[in-house]
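A.B. asks: The file below is structure_24.pdb, PDB, C-alpha atoms:
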```pdb
ATOM      1  CA  VAL A  24     -58.149  74.257  46.161
ATOM      2  CA  LEU A  25     -58.856  71.192  44.041
ATOM      3  CA  VAL A  26     -57.094  72.770  41.052
ATOM      4  CA  ALA A  27     -54.116  73.732  43.236
ATOM      5  CA  ASN A  28     -53.843  70.142  44.523
ATOM      6  CA  GLN A  29     -53.969  68.797  40.987
ATOM      7  CA  GLN A  30     -51.315  71.303  39.900
ATOM      8  CA  ALA A  31     -49.064  70.265  42.818
ATOM      9  CA  THR A  32     -49.503  66.590  41.869
ATOM     10  CA  ILE A  33     -48.647  67.399  38.244
ATOM     11  CA  ASP A  34     -45.536  69.332  39.341
ATOM     12  CA  THR A  35     -44.418  66.465  41.596
ATOM     13  CA  LEU A  36     -44.938  63.868  38.886
ATOM     14  CA  THR A  37     -43.115  66.053  36.345
ATOM     15  CA  THR A  38     -40.131  66.386  38.692
ATOM     16  CA  LYS A  39     -40.076  62.630  39.273
ATOM     17  CA  LEU A  40     -40.269  62.044  35.509
ATOM     18  CA  HIS A  41     -37.284  64.374  34.876
ATOM     19  CA  ASN A  42     -35.280  62.633  37.598
ATOM     20  CA  LEU A  43     -36.024  59.220  36.100
ATOM     21  CA  GLU A  44     -35.053  60.463  32.621
ATOM     22  CA  ARG A  45     -31.711  61.743  34.006
ATOM     23  CA  GLN A  46     -31.037  58.409  35.712
ATOM     24  CA  LEU A  47     -31.838  56.559  32.511
ATOM     25  CA  ALA A  48     -29.509  58.834  30.523
ATOM     26  CA  ASN A  49     -26.694  58.212  33.047
ATOM     27  CA  THR A  50     -27.014  54.426  32.783
ATOM     28  CA  ASP A  51     -27.131  54.506  28.966
ATOM     29  CA  SER A  52     -23.941  56.568  28.566
ATOM     30  CA  PRO A  53     -21.151  55.371  30.850
ATOM     31  CA  THR A  54     -19.577  58.126  32.858
ATOM     32  CA  GLY A  55     -17.662  58.306  36.077
ATOM     33  CA  SER A  56     -17.524  54.911  37.767
ATOM     34  CA  GLY A  57     -18.829  53.118  34.658
ATOM     35  CA  GLN A  58     -15.879  54.342  32.610
ATOM     36  CA  SER A  59     -13.379  53.419  35.318
ATOM     37  CA  LYS A  60     -14.809  49.889  35.403
ATOM     38  CA  ILE A  61     -14.386  49.656  31.641
ATOM     39  CA  LYS A  62     -10.806  50.948  31.924
ATOM     40  CA  ASN A  63     -10.025  48.406  34.661
ATOM     41  CA  LEU A  64     -11.459  45.607  32.543
ATOM     42  CA  GLU A  65      -9.381  46.725  29.553
ATOM     43  CA  VAL A  66      -6.212  46.722  31.673
ATOM     44  CA  GLU A  67      -7.043  43.279  33.056
ATOM     45  CA  ASN A  68      -7.769  42.033  29.532
ATOM     46  CA  GLN A  69      -4.358  43.266  28.331
ATOM     47  CA  TYR A  70      -2.635  41.553  31.260
ATOM     48  CA  LEU A  71      -4.442  38.268  30.641
ATOM     49  CA  THR A  72      -3.687  38.479  26.916
ATOM     50  CA  SER A  73       0.024  38.917  27.625
ATOM     51  CA  GLN A  74      -0.085  35.969  30.052
ATOM     52  CA  LEU A  75      -1.764  33.867  27.364
ATOM     53  CA  LEU A  76       0.933  34.787  24.835
ATOM     54  CA  GLU A  77       3.670  33.824  27.310
ATOM     55  CA  CYS A  78       1.990  30.455  27.918
ATOM     56  CA  GLU A  79       1.701  29.832  24.186
ATOM     57  CA  GLU A  80       5.398  30.687  23.702
ATOM     58  CA  ARG A  81       6.392  28.300  26.508
ATOM     59  CA  GLU A  82       4.182  25.584  25.032
ATOM     60  CA  LEU A  83       5.869  26.014  21.650
ATOM     61  CA  SER A  84       9.293  25.862  23.295
ATOM     62  CA  PHE A  85       8.329  22.663  25.140
ATOM     63  CA  GLN A  86       7.040  21.118  21.916
ATOM     64  CA  GLU A  87      10.330  21.914  20.156
ATOM     65  CA  GLU A  88      12.310  20.440  23.038
ATOM     66  CA  LEU A  89      10.136  17.322  23.022
ATOM     67  CA  TYR A  90      10.703  16.935  19.283
ATOM     68  CA  CYS A  91      14.484  17.171  19.781
ATOM     69  CA  GLN A  92      14.370  14.635  22.621
ATOM     70  CA  ASN A  93      12.362  12.246  20.419
ATOM     71  CA  GLN A  94      14.920  12.650  17.623
ATOM     72  CA  LEU A  95      17.736  11.831  20.056
ATOM     73  CA  LEU A  96      15.817   8.806  21.309
ATOM     74  CA  ASP A  97      15.256   7.573  17.751
ATOM     75  CA  ASP A  98      18.965   8.019  16.964
ATOM     76  CA  SER A  99      19.881   6.175  20.140
ATOM     77  CA  ASN A 100      17.552   3.296  19.290
ATOM     78  CA  ARG A 101      19.057   2.997  15.799
ATOM     79  CA  GLU A 102      22.568   2.957  17.278
ATOM     80  CA  LYS A 103      21.470   0.328  19.800
ATOM     81  CA  GLN A 104      20.163  -1.894  16.988
ATOM     82  CA  LYS A 105      23.498  -1.577  15.166
ATOM     83  CA  LEU A 106      25.367  -2.537  18.331
ATOM     84  CA  VAL A 107      23.085  -5.525  18.927
ATOM     85  CA  GLY A 108      23.845  -6.709  15.397
ATOM     86  CA  LYS A 109      27.593  -6.240  15.885
ATOM     87  CA  ASN A 110      27.385  -8.086  19.206
ATOM     88  CA  ALA A 111      25.701 -11.046  17.503
ATOM     89  CA  ASP A 112      28.395 -11.067  14.804
ATOM     90  CA  LEU A 113      31.129 -10.997  17.448
ATOM     91  CA  ALA A 114      29.462 -13.825  19.369
ATOM     92  CA  MET A 115      29.438 -15.976  16.220
ATOM     93  CA  GLU A 116      33.080 -15.119  15.513
ATOM     94  CA  ASN A 117      33.955 -15.920  19.122
ATOM     95  CA  GLU A 118      32.288 -19.320  18.805
ATOM     96  CA  ASP A 119      34.252 -20.011  15.591
ATOM     97  CA  LEU A 120      37.499 -19.051  17.309
ATOM     98  CA  ARG A 121      36.647 -21.271  20.283
ATOM     99  CA  ARG A 122      36.124 -24.251  17.972
ATOM    100  CA  GLN A 123      39.399 -23.532  16.199
ATOM    101  CA  LEU A 124      41.191 -23.304  19.532
ATOM    102  CA  GLN A 125      39.755 -26.651  20.610
ATOM    103  CA  ALA A 126      40.894 -28.177  17.329
ATOM    104  CA  LEU A 127      44.394 -26.761  17.801
ATOM    105  CA  GLN A 128      44.518 -28.007  21.380
ATOM    106  CA  GLY A 129      43.487 -31.455  20.198
ATOM    107  CA  SER A 130      46.231 -31.381  17.567
ATOM    108  CA  MET A 131      48.813 -30.312  20.118
ATOM    109  CA  ASN A 132      47.772 -33.113  22.457
ATOM    110  CA  LYS A 133      48.179 -35.636  19.637
ATOM    111  CA  MET A 134      51.587 -34.214  18.790
ATOM    112  CA  LEU A 135      52.655 -34.512  22.400
ATOM    113  CA  ARG A 136      51.532 -38.153  22.510
ATOM    114  CA  GLY A 137      53.950 -39.201  19.884
ATOM    115  CA  PRO A 138      55.011 -39.312  16.235
ATOM    116  CA  GLU A 139      52.371 -41.896  15.302
ATOM    117  CA  SER A 140      49.626 -39.291  15.545
ATOM    118  CA  LEU A 141      51.569 -36.656  13.558
ATOM    119  CA  ASN A 142      49.722 -37.344  10.323
ATOM    120  CA  ASP A 143      46.379 -36.905  12.131
ATOM    121  CA  SER A 144      47.666 -33.671  13.716
ATOM    122  CA  ASN A 145      48.720 -32.199  10.386
ATOM    123  CA  LYS A 146      45.258 -32.889   9.002
ATOM    124  CA  THR A 147      43.607 -31.242  12.024
ATOM    125  CA  LEU A 148      45.874 -28.174  11.785
ATOM    126  CA  SER A 149      45.196 -27.859   8.095
ATOM    127  CA  THR A 150      41.453 -28.026   8.731
ATOM    128  CA  ALA A 151      41.672 -25.447  11.546
ATOM    129  CA  ALA A 152      43.723 -23.045   9.399
ATOM    130  CA  THR A 153      41.268 -23.344   6.544
ATOM    131  CA  SER A 154      38.382 -22.753   8.926
ATOM    132  CA  LYS A 155      40.132 -19.742  10.475
ATOM    133  CA  SER A 156      40.883 -18.100   7.120
ATOM    134  CA  GLY A 157      37.282 -18.693   6.082
ATOM    135  CA  SER A 158      35.935 -16.947   9.205
ATOM    136  CA  MET A 159      38.366 -14.035   8.772
ATOM    137  CA  ASP A 160      36.992 -13.433   5.297
ATOM    138  CA  SER A 161      33.527 -12.913   6.705
TER
END
```
Represent the structure contained in this file as structure tokens.
C.D. replies:
Amino acid sequence: VLVANQQATIDTLTTKLHNLERQLANTDSPTGSGQSKIKNLEVENQYLTSQLLECEERELSFQEELYCQNQLLDDSNREKQKLVGKNADLAMENEDLRRQLQALQGSMNKMLRGPESLNDSNKTLSTAATSKSGSMDS
């Protein structure tokens, strides 16, 4: 009886050992649900990779657009500086013309006052004409 009990215990332990070895073999080599998980992860990885590529392409496109916008802004700023310079030149020319006009008006007033101031008027007109031709040259 003692030997039979020991044999039964050995048989039970042997069966349990074989079952544990099978379970270990199943976890080491993926089959069934393990392989489907791997396949799902591969599909998800491909999807995420394609999303990443799309984001990188959009980023590159935005960078190119930003570069173009910066170029346009630089061009605009250069043009603005040119116009500011031209405006300053025109303001100086306008001031010269205003002075010449005042001189001519003064000469005309003298001429209207009488012949005695004609000599003074001729001098003023001569000075204004010289000043005007000098500003036209610039």
A.B. asks: Could you please determine the separation between atom CA of Thr37 of chain A and atom CA of Leu25 of chain A in Å, to one decimal place?
C.D. replies: 18.3 Å
A.B. asks: To one decimal place, how far is atom CA of Leu47 of chain A from atom CA of Ile61 of chain A in Å?
C.D. replies: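 Rounded to one decimal, the two atoms are 18.8 Å apart.
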A.B. asks: Any idea what the distance is between atom CA of Leu113 of chain A and atom CA of Gln94 of chain A?
C.D. replies: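 If I compute the distance from atom CA of Leu113 of chain A to atom CA of Gln94 of chain A, I get 28.7 Å.
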A.B. asks: How close does each residue of segment 50-95 of chain A get to segment 99-112 of chain A, giving the shortest atom pair and distance in Å to one decimal for every residue with an atom at most 12 Å away, counting all atoms listed in the file, sorted by chain and residue number, as a Markdown table?
C.D. replies:
```
| residue | atom | partner | partner_atom | distance |
| --- | --- | --- | --- | --- |
| A:Gln92 | CA | A:Ser99 | CA | 10.4 |
| A:Asn93 | CA | A:Ser99 | CA | 9.7 |
| A:Gln94 | CA | A:Ser99 | CA | 8.5 |
| A:Leu95 | CA | A:Ser99 | CA | 6.0 |
```
